[in-house]
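Undergrad: Attaching a single structure in structure tokens format; questions to follow.
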Amino acid sequence: MMHEGARVGGRGEGSAGMPSIIVPAYNAERTIGRCLDALMRQDYAGDYEVIVVDDGSTDATPDIVAGYEGVRLVRQPNAGPAVARNRGASEARGDIILFTDSDCVPEEDWVSEMLRPFGEADVVGVKGRYKTGQKEITARFVQIEYEDKYAYMLRGDYIDFIDTYSAGFRRDVFIGLDGYDPDFPVACAEDVELSYRLSRLGYKMVFNPDAVVYHLHPDRLGDYLRKKYKFAYWRVVAVRKNPDKLIRDSHTPQVMKLQLLFPPALLAGTVFAAAGGKGGLAVPALLLLLFLCTTVPFVSRAIRKDFAVGLLSPVLLFLRASAQFLGVAGGLVRLLGSGGRT
């Protein structure tokens with residue numbers, strides 16, 4: 001079926017200026033339809049193509065995609081999202097390639113907004129923004145967490161991190177760097193590594209907060225903490241490949257790194273006190289107070305946006321730091337076990 005608003009360019013000469021939208025999909029039958037409906041309704045005035053790379057789905061994903069006239073379906077054995085995105089880029093006909101995820105719903109001006117910064121000849125990458133309409137506490141916390149990072153990114157003219165959910169690159173640069181690193185077999189940190197690599201080579205990337213996609217964030221606390229663990233685990237690999245980003249990047253507020261130290265320190269202090277150590281509970285109490293002090297800026301911003309989430313934020317931030325610490329520890333064990341190879 002052809003959806004109103006879609007203008008899919010033809011193969012051959014004259015299509016070089018056409019943007020290519022690439023959507024990797026794996027068992028995405030519950031979400032891919034909403035994603036493609038949104039991509040078919042874009043207000044972009046020119047032609048664009050949509051490529052879905054089915055990464056070995058075992059559900060109805062390829063059948064659903066095949067029902068969209070003008071959407072190109074590329075199928076491959078399951079190899080992970082990094083390989084799927086690279087496959088889509090190799091199939092793309094446009095000079096600019098845009099990525100979004102199969103569980104995202106771009107706003108109608110998403111393509112136009114993603115392309116707008118490329119009017120500057122030296123910009124090679126563009127990052128967009130998440131929104132959500134979810135009502136669950138955990139999902140609302142995740143959204144505020146993202147918005148906090150967006151505010152941090154807006155402090156500079158250029159960034160060094162582009163998430164795959166709303167990403168744009170000049171195709172020649174992306175292909176020239178071999179795209180996403182297939183060492184990342186899951187949807188986690190391959191975007192961090194590529195962004196760090198681009199930044200190290202001096203390429204300019206920008207954040208456009210007006211390029212919006214809607215997303216379903218984790219709405220249960222356990223799912224959120226598992227995701228934070230996974231992200232931290234694979235980020236160790238990304239930093240190992242780009243060690244200059246260990247100290248600072250444009251996406252991670254420095255206080256987040258400081259907060260990682262408190263859960264193990266608090267645990268050690270509590271064990272020390274329970275064993276009859278000098279000072280008793282004074283040490284863990286002081287550590288807890290110091291941690292709470294680090295949360296004050298985030299909590300104050302969160303309360304202004306969502307009072308209930310703001311009140312719960314200190315607990316959620318501590319649990320986040322705990323999951324991330326465990327993820328970093330797991331990532332380091334993985335690297336040590338492989339002799340430092342990634």
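Ordering of the structure tokens sets the chain letters (A, B, ...), residue numbers begin anew at 1 in every chain, and ligands are numbered from 1 in the order given.
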Can you pull out every residue within 9 Å of Phe298 in chain A, counting only C-alpha atoms, but drop anything in the same chain fewer than 6 positions away, and send it as a PDB file with N, CA and C atoms, in the first residue's frame?
TA:
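Produced file part.pdb, reproduced below:
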ATOM      1  N   GLU A 145      15.460  12.313  32.272  1.00  0.00           N
ATOM      2  CA  GLU A 145      16.882  11.982  32.194  1.00  0.00           C
ATOM      3  C   GLU A 145      17.451  12.370  30.828  1.00  0.00           C
ATOM      4  N   ASP A 148      17.641  16.145  30.491  1.00  0.00           N
ATOM      5  CA  ASP A 148      18.779  16.675  31.242  1.00  0.00           C
ATOM      6  C   ASP A 148      20.053  16.584  30.405  1.00  0.00           C
ATOM      7  N   GLY A 310      10.292  14.022  40.426  1.00  0.00           N
ATOM      8  CA  GLY A 310      11.342  14.746  41.128  1.00  0.00           C
ATOM      9  C   GLY A 310      11.555  14.233  42.537  1.00  0.00           C
ATOM     10  N   SER A 313      13.357  10.949  42.446  1.00  0.00           N
ATOM     11  CA  SER A 313      14.613  10.946  41.698  1.00  0.00           C
ATOM     12  C   SER A 313      15.833  10.519  42.505  1.00  0.00           C
ATOM     13  N   PRO A 314      15.997  10.949  43.786  1.00  0.00           N
ATOM     14  CA  PRO A 314      17.200  10.495  44.505  1.00  0.00           C
ATOM     15  C   PRO A 314      17.319   8.977  44.565  1.00  0.00           C
TER      16      PRO A 314
END
Undergrad: So which residues touch Val53 in chain A within 10 Å, counting only C-alpha atoms, skipping near sequence neighbours fewer than 6 positions away, as a ChimeraX atom specification?
TA: /A:22-26,62,65,72-76,81,83-89,91
Undergrad: Generate a file of the selected residues that holds C-alpha atoms, formatted as a PDB file, in the first residue's frame.
TA:
ATOM      1  CA  ILE A  22      17.303   3.343   7.174  1.00  0.00           C
ATOM      2  CA  VAL A  23      15.377   1.350   9.770  1.00  0.00           C
ATOM      3  CA  PRO A  24      16.918  -1.843  11.161  1.00  0.00           C
ATOM      4  CA  ALA A  25      14.279  -4.264  12.430  1.00  0.00           C
ATOM      5  CA  TYR A  26      14.340  -7.488  14.392  1.00  0.00           C
ATOM      6  CA  PRO A  62       9.046  -8.696   6.871  1.00  0.00           C
ATOM      7  CA  VAL A  65       7.089  -4.143   5.697  1.00  0.00           C
ATOM      8  CA  ARG A  72      12.559  -1.241   0.214  1.00  0.00           C
ATOM      9  CA  LEU A  73      12.896  -4.398   2.280  1.00  0.00           C
ATOM     10  CA  VAL A  74      16.397  -5.822   2.626  1.00  0.00           C
ATOM     11  CA  ARG A  75      16.708  -9.128   4.444  1.00  0.00           C
ATOM     12  CA  GLN A  76      19.746 -10.687   6.080  1.00  0.00           C
ATOM     13  CA  PRO A  81      21.873  -3.864  14.532  1.00  0.00           C
ATOM     14  CA  VAL A  83      25.622  -4.845  10.707  1.00  0.00           C
ATOM     15  CA  ALA A  84      22.000  -4.161   9.717  1.00  0.00           C
ATOM     16  CA  ARG A  85      22.525  -0.402   9.681  1.00  0.00           C
ATOM     17  CA  ASN A  86      25.724  -0.781   7.675  1.00  0.00           C
ATOM     18  CA  ARG A  87      23.866  -2.965   5.198  1.00  0.00           C
ATOM     19  CA  GLY A  88      21.206  -0.282   4.824  1.00  0.00           C
ATOM     20  CA  ALA A  89      23.858   2.380   4.239  1.00  0.00           C
ATOM     21  CA  GLU A  91      22.081  -0.070  -0.207  1.00  0.00           C
TER      22      GLU A  91
END
Undergrad: Using only C-alpha atoms, pick whichever of A:Ala275, A:Leu287, A:Met256, A:Leu216 has the shortest atom-to-atom distance to Thr138 in chain A.
TA: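 The answer is A:Leu216, which sits nearest to Thr138 in chain A.
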Undergrad: Which residues, written as a PyMOL selection string, have at least one atom at most 10 Å from Gly133 in chain A, with only C-alpha atoms counted and residues fewer than 2 positions away on the same chain left out?
TA: chain A and resi 131+135-136+139-140+143+214-217
Undergrad: Kindly indicate which residue among A:Arg301, A:Ala28, A:Met153, A:Ala82 lies nearest to Asp178 in chain A, using only C-alpha atoms for the distances.
TA: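 Closest candidate: A:Ala82.
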Undergrad: Give me the residues near Gly331 in chain A as a PDB file with C-alpha atoms, in the first residue's frame, where near means some atom within 9 Å (using only C-alpha atoms) and where sequence neighbours in that chain fewer than 4 positions away do not count.
TA:
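And here is the file that came out, part-v6.pdb:
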ATOM      1  CA  ALA A 232      27.386   0.779  30.823  1.00  0.00           C
ATOM      2  CA  TYR A 233      28.780  -2.671  29.997  1.00  0.00           C
ATOM      3  CA  TRP A 234      29.144  -1.952  26.281  1.00  0.00           C
ATOM      4  CA  ARG A 235      30.220   1.633  26.804  1.00  0.00           C
ATOM      5  CA  VAL A 236      33.386   0.273  28.391  1.00  0.00           C
ATOM      6  CA  VAL A 237      34.191  -1.256  25.011  1.00  0.00           C
ATOM      7  CA  LEU A 326      27.877  -3.115  37.875  1.00  0.00           C
ATOM      8  CA  GLY A 327      27.819  -2.659  34.102  1.00  0.00           C
ATOM      9  CA  LEU A 335      38.069  -6.755  28.579  1.00  0.00           C
ATOM     10  CA  LEU A 336      40.460  -8.287  31.075  1.00  0.00           C
TER      11      LEU A 336
END
Undergrad: Rank nothing, just name the residue among A:Ala321, A:Leu286, A:Ala308, A:Met205 nearest to Gln259 in chain A, using only C-alpha atoms.
TA: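 The shortest atom-to-atom distance to Gln259 in chain A comes from A:Ala321.
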Undergrad: Just asking: which residues within range 88-304 of chain A are strand (DSSP E or B) according to DSSP, as a PyMOL selection string?
TA: chain A and resi 96-99+104-106+123-131+167-170+204-215
Undergrad: With only C-alpha atoms as the counted atoms, please give the residues lying no more than 10 Å from Glu190 in chain A, apart from itself and same-chain residues fewer than 4 positions off, as a ChimeraX atom specification.
TA: /A:81-82,163-164,179-186,194-196,234-235,237-238
Undergrad: If we count only C-alpha atoms, what is near range 108-113 of chain A at a cut-off of 10 Å, once residues fewer than 4 positions away on the same chain are taken out, given as a VMD selection string?
TA: chain A and resid 5 19 to 21 38 to 46 48 98 117 to 118 126 128 to 129 166 168 208 to 213
Undergrad: Taking 4 positions as the minimum chain separation for residues in the same chain, which residues sit within 7 Å of Arg171 in chain A when counting only C-alpha atoms? Answer as a VMD selection string.
TA: chain A and resid 95 to 97 175
Undergrad: For the selection you just gave me, I'd like the residues written to a file as a short mmCIF file (atom, residue, chain, number, x, y, z; two decimals), in the first residue's frame, keeping C-alpha atoms.
TA:
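Final output, saved to selection_20.cif:
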data_model
loop_
_atom_site.label_atom_id
_atom_site.label_comp_id
_atom_site.auth_asym_id
_atom_site.auth_seq_id
_atom_site.Cartn_x
_atom_site.Cartn_y
_atom_site.Cartn_z
CA ASP A 95 23.99 11.52 -0.12
CA ILE A 96 22.52 11.85 3.38
CA ILE A 97 21.53 8.76 5.35
CA ILE A 175 30.94 4.54 4.36
#
Undergrad: Check the DSSP output for the backbone and give back, as a VMD selection string, the residues of range 83-212 of chain A in alpha helix (DSSP H).
TA: chain A and resid 83 to 91 110 to 115 137 to 153 171 to 176 190 to 200
Undergrad: Taking only C-alpha atoms into account, which of A:Thr294, A:Ser300, A:Asn78, A:Ser199 comes nearest Ser250 in chain A?
TA: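 Between A:Thr294, A:Ser300, A:Asn78, A:Ser199, the residue approaching Ser250 in chain A most closely is A:Ser199.
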